[in-house]
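S.K.: Just so it is clear, I am handing over my_file_0.pdb, which has PDB, C-alpha atoms and all ligand atoms.
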```
ATOM      1  CA  MET A   1     133.447 191.278 300.443
ATOM      2  CA  ARG A   2     129.836 192.319 300.416
ATOM      3  CA  ASN A   3     128.215 194.123 303.339
ATOM      4  CA  ILE A   4     124.459 193.894 302.843
ATOM      5  CA  ILE A   5     121.990 195.628 305.128
ATOM      6  CA  LEU A   6     118.478 194.251 304.867
ATOM      7  CA  PHE A   7     116.456 197.283 305.858
ATOM      8  CA  GLY A   8     112.814 197.905 306.672
ATOM      9  CA  ALA A   9     110.290 198.723 309.376
ATOM     10  CA  PRO A  10     109.189 196.084 311.919
ATOM     11  CA  GLY A  11     107.203 193.423 310.063
ATOM     12  CA  ALA A  12     108.668 194.231 306.639
ATOM     13  CA  GLY A  13     109.889 190.630 306.293
ATOM     14  CA  LYS A  14     113.607 190.997 307.044
ATOM     15  CA  GLY A  15     113.796 187.756 309.035
ATOM     16  CA  THR A  16     111.673 185.797 306.553
ATOM     17  CA  GLN A  17     113.667 187.025 303.548
ATOM     18  CA  SER A  18     116.983 186.442 305.313
ATOM     19  CA  ALA A  19     116.053 182.797 305.853
ATOM     20  CA  ILE A  20     115.189 182.351 302.161
ATOM     21  CA  ILE A  21     118.220 184.096 300.695
ATOM     22  CA  ARG A  22     120.641 182.384 303.047
ATOM     23  CA  GLU A  23     119.761 179.125 301.304
ATOM     24  CA  LYS A  24     121.152 180.608 298.111
ATOM     25  CA  PHE A  25     124.055 182.779 299.284
ATOM     26  CA  ASP A  26     126.723 181.993 301.831
ATOM     27  CA  PHE A  27     126.367 184.974 304.166
ATOM     28  CA  ALA A  28     127.640 185.477 307.684
ATOM     29  CA  TYR A  29     124.262 186.511 309.107
ATOM     30  CA  ILE A  30     123.410 188.513 312.184
ATOM     31  CA  SER A  31     120.014 189.610 313.485
ATOM     32  CA  THR A  32     120.539 191.920 316.452
ATOM     33  CA  GLY A  33     116.937 191.333 317.590
ATOM     34  CA  GLU A  34     117.418 187.555 317.557
ATOM     35  CA  ILE A  35     120.612 187.813 319.586
ATOM     36  CA  LEU A  36     118.886 190.012 322.154
ATOM     37  CA  ARG A  37     115.963 187.576 322.416
ATOM     38  CA  SER A  38     118.339 184.693 323.013
ATOM     39  CA  GLU A  39     120.191 186.714 325.684
ATOM     40  CA  ILE A  40     116.829 187.308 327.397
ATOM     41  CA  LYS A  41     115.960 183.616 327.172
ATOM     42  CA  ASN A  42     119.306 182.680 328.705
ATOM     43  CA  GLY A  43     118.890 185.225 331.498
ATOM     44  CA  THR A  44     122.238 186.896 330.853
ATOM     45  CA  GLN A  45     123.242 190.324 332.165
ATOM     46  CA  LEU A  46     122.690 191.808 328.702
ATOM     47  CA  GLY A  47     119.323 190.064 328.430
ATOM     48  CA  LYS A  48     118.221 191.532 331.753
ATOM     49  CA  GLN A  49     119.287 195.006 330.640
ATOM     50  CA  ALA A  50     117.537 194.717 327.288
ATOM     51  CA  GLU A  51     114.272 193.002 328.226
ATOM     52  CA  GLU A  52     112.256 195.956 329.496
ATOM     53  CA  ILE A  53     113.478 198.224 326.710
ATOM     54  CA  ILE A  54     112.442 195.702 324.060
ATOM     55  CA  ASN A  55     109.073 195.083 325.703
ATOM     56  CA  ARG A  56     108.402 198.835 325.660
ATOM     57  CA  GLY A  57     109.256 198.924 321.949
ATOM     58  CA  GLU A  58     112.241 201.223 322.417
ATOM     59  CA  LEU A  59     115.773 200.808 321.114
ATOM     60  CA  VAL A  60     118.648 199.250 323.031
ATOM     61  CA  SER A  61     121.625 201.604 323.442
ATOM     62  CA  ASP A  62     123.905 202.172 320.487
ATOM     63  CA  SER A  63     127.022 201.214 322.461
ATOM     64  CA  ILE A  64     125.670 197.747 323.357
ATOM     65  CA  ILE A  65     124.540 197.070 319.795
ATOM     66  CA  VAL A  66     127.698 198.388 318.141
ATOM     67  CA  GLY A  67     129.861 196.257 320.463
ATOM     68  CA  MET A  68     127.843 193.197 319.458
ATOM     69  CA  ILE A  69     128.190 193.954 315.745
ATOM     70  CA  GLN A  70     131.866 194.794 315.936
ATOM     71  CA  SER A  71     132.809 191.462 317.476
ATOM     72  CA  PHE A  72     130.584 189.605 314.990
ATOM     73  CA  ILE A  73     132.168 191.299 311.970
ATOM     74  CA  GLU A  74     135.694 190.809 313.284
ATOM     75  CA  LYS A  75     135.000 187.119 313.850
ATOM     76  CA  ASN A  76     133.534 186.732 310.373
ATOM     77  CA  ASN A  77     135.870 188.947 308.408
ATOM     78  CA  GLY A  78     136.579 187.352 305.040
ATOM     79  CA  LYS A  79     132.924 186.430 304.518
ATOM     80  CA  ASP A  80     130.025 188.297 302.919
ATOM     81  CA  LEU A  81     127.826 189.891 305.572
ATOM     82  CA  LEU A  82     124.049 190.047 305.902
ATOM     83  CA  LEU A  83     122.851 192.461 308.587
ATOM     84  CA  ASP A  84     119.223 192.213 309.750
ATOM     85  CA  GLY A  85     117.847 194.856 312.124
ATOM     86  CA  PHE A  86     121.067 196.874 312.168
ATOM     87  CA  PRO A  87     121.821 199.791 311.816
ATOM     88  CA  ARG A  88     118.730 201.347 313.377
ATOM     89  CA  THR A  89     120.190 204.797 314.145
ATOM     90  CA  VAL A  90     122.528 207.118 312.246
ATOM     91  CA  LYS A  91     125.065 206.660 315.083
ATOM     92  CA  GLN A  92     125.030 202.904 314.429
ATOM     93  CA  ALA A  93     125.419 203.494 310.688
ATOM     94  CA  GLU A  94     128.437 205.728 311.271
ATOM     95  CA  ALA A  95     129.966 203.168 313.624
ATOM     96  CA  LEU A  96     129.410 200.456 311.019
ATOM     97  CA  ASP A  97     131.175 202.555 308.391
ATOM     98  CA  GLY A  98     134.142 202.901 310.741
ATOM     99  CA  ILE A  99     134.303 199.139 311.378
ATOM    100  CA  LEU A 100     134.087 198.312 307.657
ATOM    101  CA  LYS A 101     136.764 200.857 306.808
ATOM    102  CA  GLU A 102     139.082 199.570 309.528
ATOM    103  CA  LEU A 103     138.761 196.063 308.094
ATOM    104  CA  ASN A 104     139.029 197.206 304.457
ATOM    105  CA  ARG A 105     135.700 195.613 303.635
ATOM    106  CA  GLY A 106     134.322 198.292 301.304
ATOM    107  CA  GLU A 107     131.014 200.131 301.625
ATOM    108  CA  ALA A 108     127.718 198.810 302.969
ATOM    109  CA  LYS A 109     124.811 198.401 300.540
ATOM    110  CA  VAL A 110     121.226 198.725 301.690
ATOM    111  CA  VAL A 111     118.248 196.831 300.341
ATOM    112  CA  GLU A 112     114.952 198.067 301.727
ATOM    113  CA  LEU A 113     111.779 195.996 301.890
ATOM    114  CA  ALA A 114     109.095 198.655 301.455
ATOM    115  CA  VAL A 115     105.731 197.909 303.080
ATOM    116  CA  ASP A 116     102.846 200.225 304.101
ATOM    117  CA  LYS A 117     102.272 200.766 307.835
ATOM    118  CA  ASP A 118      98.737 199.331 307.903
ATOM    119  CA  VAL A 119      99.981 196.129 306.288
ATOM    120  CA  LEU A 120     102.898 195.971 308.759
ATOM    121  CA  MET A 121     100.484 196.201 311.686
ATOM    122  CA  GLN A 122      98.336 193.374 310.317
ATOM    123  CA  ARG A 123     101.402 191.201 309.740
ATOM    124  CA  LEU A 124     102.785 191.801 313.239
ATOM    125  CA  LEU A 125      99.464 191.066 314.944
ATOM    126  CA  LYS A 126      99.258 187.844 312.956
ATOM    127  CA  ARG A 127     102.851 186.982 313.899
ATOM    128  CA  ALA A 128     101.925 187.534 317.564
ATOM    129  CA  GLU A 129      99.451 184.656 317.306
ATOM    130  CA  ILE A 130     102.020 182.365 315.703
ATOM    131  CA  GLU A 131     105.291 183.232 317.461
ATOM    132  CA  GLY A 132     104.030 184.825 320.679
ATOM    133  CA  ARG A 133     106.665 187.580 320.728
ATOM    134  CA  LYS A 134     106.004 189.840 323.701
ATOM    135  CA  ASP A 135     106.701 193.005 321.703
ATOM    136  CA  ASP A 136     104.118 192.092 319.024
ATOM    137  CA  ASN A 137     101.129 193.693 320.778
ATOM    138  CA  GLU A 138      99.358 196.742 319.396
ATOM    139  CA  GLN A 139     100.696 199.260 321.921
ATOM    140  CA  THR A 140     104.316 198.122 321.627
ATOM    141  CA  ILE A 141     104.071 197.879 317.845
ATOM    142  CA  ARG A 142     102.941 201.535 317.749
ATOM    143  CA  GLU A 143     105.992 202.510 319.800
ATOM    144  CA  ARG A 144     108.255 200.448 317.513
ATOM    145  CA  PHE A 145     106.832 202.336 314.499
ATOM    146  CA  ASN A 146     107.373 205.595 316.389
ATOM    147  CA  GLN A 147     111.024 204.682 317.063
ATOM    148  CA  TYR A 148     111.398 203.748 313.423
ATOM    149  CA  ASP A 149     110.048 207.142 312.266
ATOM    150  CA  LYS A 150     112.067 209.105 314.836
ATOM    151  CA  LYS A 151     115.402 207.296 314.634
ATOM    152  CA  THR A 152     115.599 204.634 311.933
ATOM    153  CA  ALA A 153     114.092 206.401 308.906
ATOM    154  CA  ALA A 154     117.098 208.771 309.013
ATOM    155  CA  VAL A 155     119.351 205.764 308.349
ATOM    156  CA  ALA A 156     117.684 205.435 304.934
ATOM    157  CA  ASP A 157     118.491 209.086 304.151
ATOM    158  CA  TYR A 158     122.065 208.560 305.322
ATOM    159  CA  TYR A 159     122.630 205.749 302.819
ATOM    160  CA  LYS A 160     120.632 207.447 300.054
ATOM    161  CA  GLN A 161     123.081 210.347 300.269
ATOM    162  CA  LYS A 162     126.108 208.069 300.285
ATOM    163  CA  GLY A 163     124.761 205.897 297.466
ATOM    164  CA  GLY A 164     124.115 202.168 297.605
ATOM    165  CA  TYR A 165     120.435 202.247 298.578
ATOM    166  CA  ILE A 166     117.875 200.148 296.744
ATOM    167  CA  SER A 167     114.224 199.733 297.654
ATOM    168  CA  ILE A 168     112.067 196.806 296.562
ATOM    169  CA  ASP A 169     108.359 196.085 297.034
ATOM    170  CA  GLY A 170     108.130 193.954 300.163
ATOM    171  CA  GLN A 171     104.362 194.112 300.303
ATOM    172  CA  ASN A 172     102.816 192.485 297.252
ATOM    173  CA  GLY A 173     103.285 188.815 296.525
ATOM    174  CA  THR A 174     104.251 185.767 298.560
ATOM    175  CA  PRO A 175     107.542 185.673 300.489
ATOM    176  CA  GLU A 176     108.933 183.492 297.677
ATOM    177  CA  GLN A 177     107.898 185.997 294.995
ATOM    178  CA  ILE A 178     109.460 188.837 296.971
ATOM    179  CA  SER A 179     112.631 186.804 297.437
ATOM    180  CA  VAL A 180     112.971 186.424 293.648
ATOM    181  CA  LYS A 181     113.214 190.220 293.335
ATOM    182  CA  LEU A 182     115.565 190.428 296.280
ATOM    183  CA  ILE A 183     117.870 187.764 294.838
ATOM    184  CA  GLU A 184     117.931 189.608 291.508
ATOM    185  CA  VAL A 185     119.108 192.743 293.295
ATOM    186  CA  LEU A 186     121.672 190.885 295.414
ATOM    187  CA  GLU A 187     123.175 189.219 292.345
ATOM    188  CA  LYS A 188     124.052 192.659 291.009
ATOM    189  CA  LEU A 189     125.532 194.060 294.238
TER     190      LEU A 189
HETATM  191  P1  LIG A 201     113.819 192.985 315.778
HETATM  192  O1  LIG A 201     113.838 191.519 316.028
HETATM  193  O2  LIG A 201     114.823 193.411 314.758
HETATM  194  O3  LIG A 201     112.427 193.497 315.474
HETATM  195  O4  LIG A 201     114.266 193.696 317.138
HETATM  196  C1  LIG A 201     113.495 193.560 318.320
HETATM  197  C2  LIG A 201     113.892 194.639 319.310
HETATM  198  O5  LIG A 201     115.283 194.489 319.667
HETATM  199  C3  LIG A 201     113.776 196.080 318.816
HETATM  200  O6  LIG A 201     112.478 196.597 318.940
HETATM  201  C4  LIG A 201     114.780 196.798 319.722
HETATM  202  O7  LIG A 201     114.257 197.007 321.014
HETATM  203  C5  LIG A 201     115.901 195.762 319.842
HETATM  204  N1  LIG A 201     116.899 195.943 318.761
HETATM  205  C6  LIG A 201     117.175 195.088 317.736
HETATM  206  N2  LIG A 201     118.125 195.578 316.935
HETATM  207  C7  LIG A 201     118.459 196.791 317.445
HETATM  208  C8  LIG A 201     119.363 197.814 317.047
HETATM  209  N3  LIG A 201     120.119 197.692 315.948
HETATM  210  N4  LIG A 201     119.433 198.925 317.827
HETATM  211  C9  LIG A 201     118.691 199.072 318.941
HETATM  212  N5  LIG A 201     117.812 198.160 319.362
HETATM  213  C10 LIG A 201     117.684 197.022 318.635
END
```
Rewrite the coordinates I just gave you, this time as structure tokens.
M.R.:
Amino acid sequence: MRNIILFGAPGAGKGTQSAIIREKFDFAYISTGEILRSEIKNGTQLGKQAEEIINRGELVSDSIIVGMIQSFIEKNNGKDLLLDGFPRTVKQAEALDGILKELNRGEAKVVELAVDKDVLMQRLLKRAEIEGRKDDNEQTIRERFNQYDKKTAAVADYYKQKGGYISIDGQNGTPEQISVKLIEVLEKL
């Protein structure tokens, strides 16, 4: 069973690429950000806890996120996994390893969509106009980049050391052109 982490900074195209590749591969897919947004929309306890944190551009606590992921993986054990927006801290990566080991699923493989920061900012400001996400404003985006540098970039090093880390150009070309490269990589994993 494959455990694929689609990795990249905010605006790298993880959601867009996930949608394209899911038409080709039968993945059990989870986007932690999407789940949190739907919890906020539904006014749940979790949504209320997460809303301010997300709007500030900070990260929701590891324990909440890991609990969410654990129940998703247990429910979907037996299927290939596509993780979008998780893990975002080394603690989350270690917890994921533990869950995968417990379920005998094998190692996680990371595919990074590499995009320069100035391009990410432009993309996110454009997305703000289209999707109206509250956390897509310049100040919050800067904090999301800051969180990425402080906490999430270390996740890349963690997997580079373990092996199973591949980076592709997520910047040049249309989403479809980028997805061709991504599919090529996924077919070999
Ligand atoms: P995303 O849709 O992946 O950009 O996530 C939107 C926001 O949800 C992030 O800025 C975080 O506040 C929160 N979030 C999503 N995934 C995680 C995660 N794995 N760990 C902590 N916070 C998360």
S.K.: Got a sec: who's within 9 Å of A:Glu138, counting only C-alpha atoms, leaving out chain neighbours fewer than 2 positions off, as a PyMOL selection string?
M.R.: chain A and resi 121+124-125+135-136+140-143
S.K.: Which residue, A:Val60, A:Leu100, A:Leu36, A:Ala156, has the smallest gap to A:Asp80 when you use all atoms listed in the file?
M.R.: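 Counting all atoms listed in the file, the residue closest to A:Asp80 is A:Leu100.
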S.K.: Have a look at A:Ile65, A:Ala12, A:Val115, A:Val110 and name the one nearest to A:Leu189; count all atoms listed in the file.
M.R.: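 Selected residue with least distance to A:Leu189: A:Val110.
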S.K.: For each of A:Ala93, A:Met1, A:Ile21, A:Ile54, take the minimum atom-to-atom distance to A:Leu186, counting all atoms listed in the file, then give the residue where this is smallest.
M.R.: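 Comparing A:Ala93, A:Met1, A:Ile21, A:Ile54 against A:Leu186, the winner is A:Ile21.
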S.K.: For ligand LIG 201 (chain A), which residue among A:Asn3, A:Asn76, A:Asn146, A:Gln161 is the nearest when counting only C-alpha atoms and all ligand atoms?
M.R.: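 The closest residue to ligand LIG 201 (chain A) is A:Asn146.
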S.K.: Of the candidates A:Phe7, A:Tyr29, A:Tyr158, A:Phe86, which shows the shortest atom-to-atom distance to ligand LIG 201 (chain A), using only C-alpha atoms and all ligand atoms?
M.R.: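 Distance minimum relative to ligand LIG 201 (chain A) lands on A:Phe86.
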S.K.: Kindly resolve the PyMOL selection byres (((chain A and resi 72) around 12) and not hetatm) on the present coordinates and return the residues as JSON, numbers by chain.
M.R.: {"A": [28, 29, 30, 31, 32, 35, 65, 66, 67, 68, 69, 70, 71, 73, 74, 75, 76, 77, 78, 79, 81, 82, 83, 96, 99, 100]}
S.K.: Apply the PyMOL selection byres (((chain A and resi 172) around 12) and not hetatm) to the file shown and report the selected residues as an NGL selection string.
M.R.: :A and (12-13 or 113-116 or 119 or 168-171 or 173-179 or 181)
S.K.: Could you dump the residues just selected with C-alpha atoms as an mmCIF file, keeping the file's coordinate frame?
M.R.:
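The result, stored in part_14.cif:
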```
data_model
loop_
_atom_site.group_PDB
_atom_site.id
_atom_site.type_symbol
_atom_site.label_atom_id
_atom_site.label_comp_id
_atom_site.auth_asym_id
_atom_site.auth_seq_id
_atom_site.Cartn_x
_atom_site.Cartn_y
_atom_site.Cartn_z
ATOM 1 C CA ALA A 12 108.668 194.231 306.639
ATOM 2 C CA GLY A 13 109.889 190.630 306.293
ATOM 3 C CA LEU A 113 111.779 195.996 301.890
ATOM 4 C CA ALA A 114 109.095 198.655 301.455
ATOM 5 C CA VAL A 115 105.731 197.909 303.080
ATOM 6 C CA ASP A 116 102.846 200.225 304.101
ATOM 7 C CA VAL A 119 99.981 196.129 306.288
ATOM 8 C CA ILE A 168 112.067 196.806 296.562
ATOM 9 C CA ASP A 169 108.359 196.085 297.034
ATOM 10 C CA GLY A 170 108.130 193.954 300.163
ATOM 11 C CA GLN A 171 104.362 194.112 300.303
ATOM 12 C CA GLY A 173 103.285 188.815 296.525
ATOM 13 C CA THR A 174 104.251 185.767 298.560
ATOM 14 C CA PRO A 175 107.542 185.673 300.489
ATOM 15 C CA GLU A 176 108.933 183.492 297.677
ATOM 16 C CA GLN A 177 107.898 185.997 294.995
ATOM 17 C CA ILE A 178 109.460 188.837 296.971
ATOM 18 C CA SER A 179 112.631 186.804 297.437
ATOM 19 C CA LYS A 181 113.214 190.220 293.335
#
```
S.K.: Evaluate the PyMOL selection byres (((chain A and resi 89) around 7) and not hetatm) on the structure here and hand back the selected residues as a count of residues only.
M.R.: 9
S.K.: Nearest to ligand LIG 201 (chain A): which of A:Glu187, A:Asp149, A:Glu129, A:Glu52 is it, counting all atoms listed in the file?
M.R.: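 Among the listed residues, A:Glu52 lies closest to ligand LIG 201 (chain A).
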S.K.: Which value, in Å to one decimal, gives the distance between atom CA of A:Ala95 and atom CA of A:Ile20?
M.R.: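 These atoms are spaced 28.0 Å apart.
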